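A short write-up of the structure that comes next.
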Amino acid sequence: MTSGPPARDAGYFDQWYADMAACPARDAIVARTLGLPPELQFASALTWEALDEITRELRLPPGGLVLDLGCGRGGYGIEVALRAGARLAGVDFSAVALEQARAIAGRRLPEGRAGFRVGTLTASGLPDGVADGVMCVDAVQFAEPPVAALREVRRVLTGGGRVVLTCWEAADPADERVPARIRAVDLRRDLPAAGFVDVRVEDRPGWRRAERALWEAAVAADDPDPAVGSLRDEGRRSLESFGSLRRVVATATAP
Ligand SMILES: C[S@@+](CC[C@H](N)C(=O)[O-])C[C@H]1O[C@@H](n2cnc3c(N)ncnc32)[C@H](O)[C@@H]1O
């Protein structure tokens with residue numbers, strides 16, 4: 001999630017999600033350490049409690065549209081739509097992830113409440129001004145550069161619409177132990193540059209502590225499955241530079 005092998009294209013993520021689908025042990029480690037309901041199949045490192053904050057900060061009107069950008073298997077967006085009584089549009093460039101997201105939404109949301117489409121962080125394929133809120137969980141660091149994704153978020157939001165992003169930032173942007181894609185993230189600089197107002201970027205050390213527990217459990221996991229192996233590698237890399245990253249949540253309003 002925060003660092004790793006060079007190519008992070010759609011093919012890489014398709015394989016990542018295919019491995020996850022074939023390996024319940026990987027999901028069980030994540031669900032147990034982050035306190036997540038296993039049936040939701042999250043791909044990220046965010047706790048169940050964090051969803052309260054995301055839902056609250058989006059301020060979605062009943063029946064409004066929330067875009068989950070970089071939605072992966074869709075677990076967080078589906079839960080937010082459920083809690084807010086909103087409609088959901090999920091966008092990701094991994095067709096394999098979206099197939100899984102459709103299946104989960106089919107079980108969790110009333111028919112017609114969710115739609116998923118292949119698109120990128122910088123070209124979602126949604127029309128201008130259509131969304132009441134946009135959430136982007138642990139994905140903005142993959143946009144090159146991240147500010148291009150924030151401009152896309154601004155484009156699809158209606159006036160007064162809200163964005164909530166979770167990500168990591170470098171404690172010291174000059175620290176070369178931090179992956180370049182994380183060093184490129186500066187939400188306090190980039191959200192106003194993309195046209196947002198009312199920008200808040202805050203550290204969430206509690207989320208980071210939960211993440212440490214996840215990586216420690218992943219490193220200790222003794223399972224030859226590729227999905228557990230990938231989580232273990234990610235855990236090793238993340239623990240090596242753990243103190244170099246800050247866990248952040250950003251909120252802002254489209255004027
Ligand atoms: C760490 S996962 C987070 C997924 C989801 N938000 C969650 O929390 O479960 C990052 C996601 O970003 C997607 N992604 C990465 N680069 C992308 C791009 N350029 N366009 C669209 N999606 C992208 C990946 O396919 C993956 O689903």
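How things are named: the first chain in the structure tokens is A, the next is B, and so on; residues count from 1 in each chain; ligands count from 1 in the order shown.
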(request) Enumerate as a count of residues only the residues within 7 Å of ligand 1, counting only C-alpha atoms and all ligand atoms. (result) 31
(message) Quick one: residues within 6 Å of Asp132 in chain A, only C-alpha atoms, excluding same-chain residues fewer than 6 positions away - as number ranges by chain?
(response) A: 64-66, 157-158, 161
Which residues of range 187-240 of chain A come within 12 Å of range 173-181 of chain A, and what is each one's closest atom pair and distance in Å (one decimal), counting only C-alpha atoms, sorted by chain and residue number, as JSON lines?
{"residue": "A:Arg237", "atom": "CA", "partner": "A:Arg177", "partner_atom": "CA", "distance": 10.1}
{"residue": "A:Ser238", "atom": "CA", "partner": "A:Val178", "partner_atom": "CA", "distance": 9.6}
{"residue": "A:Leu239", "atom": "CA", "partner": "A:Arg177", "partner_atom": "CA", "distance": 11.6}
{"residue": "A:Glu240", "atom": "CA", "partner": "A:Arg177", "partner_atom": "CA", "distance": 8.8}
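The nearest approach to Arg189 in chain A among the residues A:Asp27, A:Asp223, A:Glu169, A:Glu79, with only C-alpha atoms taken into account, belongs to A:Glu169.
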(request) Among the residues of range 60-122 of chain A, find those DSSP assigns to helix (DSSP H, G or I) from the backbone and print them as a ChimeraX atom specification. (result) /A:75-84,95-108
For the selection just defined, write its residues with N, CA and C atoms to a file, as a tab-separated table (two decimals), in the first residue's frame.
chain	number	residue	atom	x	y	z
A	75	GLY	N	-15.20	-1.94	-0.58
A	75	GLY	CA	-15.76	-2.11	0.77
A	75	GLY	C	-16.07	-0.82	1.51
A	76	TYR	N	-15.12	0.13	1.47
A	76	TYR	CA	-15.34	1.37	2.24
A	76	TYR	C	-16.47	2.21	1.63
A	77	GLY	N	-16.47	2.33	0.31
A	77	GLY	CA	-17.51	3.14	-0.33
A	77	GLY	C	-18.90	2.54	-0.14
A	78	ILE	N	-18.97	1.22	-0.21
A	78	ILE	CA	-20.26	0.55	-0.01
A	78	ILE	C	-20.78	0.83	1.40
A	79	GLU	N	-19.88	0.75	2.36
A	79	GLU	CA	-20.29	0.99	3.75
A	79	GLU	C	-20.73	2.46	3.95
A	80	VAL	N	-20.00	3.39	3.35
A	80	VAL	CA	-20.37	4.81	3.47
A	80	VAL	C	-21.74	5.06	2.82
A	81	ALA	N	-21.96	4.49	1.63
A	81	ALA	CA	-23.25	4.67	0.94
A	81	ALA	C	-24.39	4.10	1.78
A	82	LEU	N	-24.11	2.97	2.40
A	82	LEU	CA	-25.12	2.33	3.24
A	82	LEU	C	-25.47	3.23	4.43
A	83	ARG	N	-24.43	3.72	5.10
A	83	ARG	CA	-24.66	4.55	6.30
A	83	ARG	C	-25.35	5.86	5.96
A	84	ALA	N	-25.00	6.46	4.80
A	84	ALA	CA	-25.50	7.80	4.47
A	84	ALA	C	-26.79	7.74	3.66
A	95	ALA	N	-10.03	-3.93	-13.41
A	95	ALA	CA	-11.32	-4.57	-13.73
A	95	ALA	C	-11.59	-5.74	-12.80
A	96	VAL	N	-10.53	-6.41	-12.35
A	96	VAL	CA	-10.71	-7.56	-11.44
A	96	VAL	C	-11.28	-7.08	-10.11
A	97	ALA	N	-10.75	-5.95	-9.60
A	97	ALA	CA	-11.28	-5.40	-8.35
A	97	ALA	C	-12.75	-5.03	-8.51
A	98	LEU	N	-13.08	-4.44	-9.64
A	98	LEU	CA	-14.46	-3.96	-9.83
A	98	LEU	C	-15.45	-5.12	-9.90
A	99	GLU	N	-15.01	-6.23	-10.47
A	99	GLU	CA	-15.87	-7.42	-10.50
A	99	GLU	C	-16.21	-7.84	-9.06
A	100	GLN	N	-15.19	-7.82	-8.20
A	100	GLN	CA	-15.41	-8.19	-6.79
A	100	GLN	C	-16.28	-7.15	-6.10
A	101	ALA	N	-16.07	-5.88	-6.43
A	101	ALA	CA	-16.87	-4.80	-5.82
A	101	ALA	C	-18.35	-4.96	-6.18
A	102	ARG	N	-18.62	-5.30	-7.43
A	102	ARG	CA	-20.02	-5.49	-7.86
A	102	ARG	C	-20.68	-6.60	-7.07
A	103	ALA	N	-19.94	-7.67	-6.83
A	103	ALA	CA	-20.50	-8.81	-6.10
A	103	ALA	C	-20.80	-8.40	-4.64
A	104	ILE	N	-19.89	-7.64	-4.03
A	104	ILE	CA	-20.09	-7.23	-2.63
A	104	ILE	C	-21.27	-6.25	-2.54
A	105	ALA	N	-21.31	-5.29	-3.48
A	105	ALA	CA	-22.42	-4.31	-3.48
A	105	ALA	C	-23.75	-5.02	-3.68
A	106	GLY	N	-23.75	-6.06	-4.52
A	106	GLY	CA	-24.98	-6.81	-4.77
A	106	GLY	C	-25.52	-7.45	-3.49
A	107	ARG	N	-24.61	-7.80	-2.59
A	107	ARG	CA	-25.05	-8.41	-1.33
A	107	ARG	C	-25.43	-7.37	-0.29
A	108	ARG	N	-24.80	-6.17	-0.35
A	108	ARG	CA	-24.92	-5.22	0.76
A	108	ARG	C	-25.86	-4.04	0.48
(message) Need the shell around range 31-33 of chain A: protein/DNA/RNA residues with any atom at most 8 Å away, counting only C-alpha atoms. Skip same-chain ones fewer than 2 positions apart. Format as a PyMOL selection string?
(response) chain A and resi 27-29+35-38+210+213-214+217
(message) Could you check the closest approach to Phe196 in chain A for each of A:Ala170, A:Ala218, A:Leu150, A:Val156 and tell me which residue wins, using only C-alpha atoms?
(response) A:Leu150
(request) Taking the chain letters and numbering used in this document, name the residues of range 118-202 of chain A that DSSP puts in strand (DSSP E or B), as an MDAnalysis selection string. (result) chainID A and resid 118 131:137 157:170 197:202
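Ranking A:Ala89, A:Val201, A:Leu126, A:Leu34 by their shortest atom-to-atom distance to Arg113 in chain A, with only C-alpha atoms included, puts A:Ala89 first.
Residues surrounding Gly133 in chain A within 10 Å are A:Thr55, A:Glu57, A:Leu58, A:Arg59, A:Leu60, A:Pro61, A:Gly64, A:Leu65, A:Val66, A:Leu67, A:Asp68, A:Ala86, A:Leu88, A:Val130, A:Val153, A:Arg154, A:Val156, A:Leu157, A:Thr158, A:Gly160, A:Gly161, A:Arg162, A:Val163, A:Val164, A:Thr253, A:Ala254 [only C-alpha atoms; sequence separation below 3 positions excluded].
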(message) Counting only C-alpha atoms, which residue out of A:Glu49, A:Glu211, A:Glu111, A:Asp128 sits closest to Arg246 in chain A?
(response)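 Looking at the shortest contact to Arg246 in chain A, the residue is A:Glu211.
Distances to Leu165 in chain A were evaluated for A:Ala123, A:Val30, A:Ala250, A:Ala21 using only C-alpha atoms, and the minimum falls at A:Ala250.
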(request) Check the smallest atom-to-atom distance from each of A:Val219, A:Val197, A:Ala227, A:Val118 to Ala18 in chain A using only C-alpha atoms, then report the winner. (result)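 For Ala18 in chain A, the nearest of the candidates is A:Ala227.
In this model, the gap between CA of Leu51 in chain A and CA of Arg204 in chain A comes to 12.9 Å.
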(request) Could you check how far CA of Cys167 in chain A sits from CA of Ala22 in chain A, in Å to one decimal? (result)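 Computing it gives 26.8 Å between the two atoms.
In this structure, CA of Ala45 in chain A sits 12.2 Å away from CA of Val248 in chain A.
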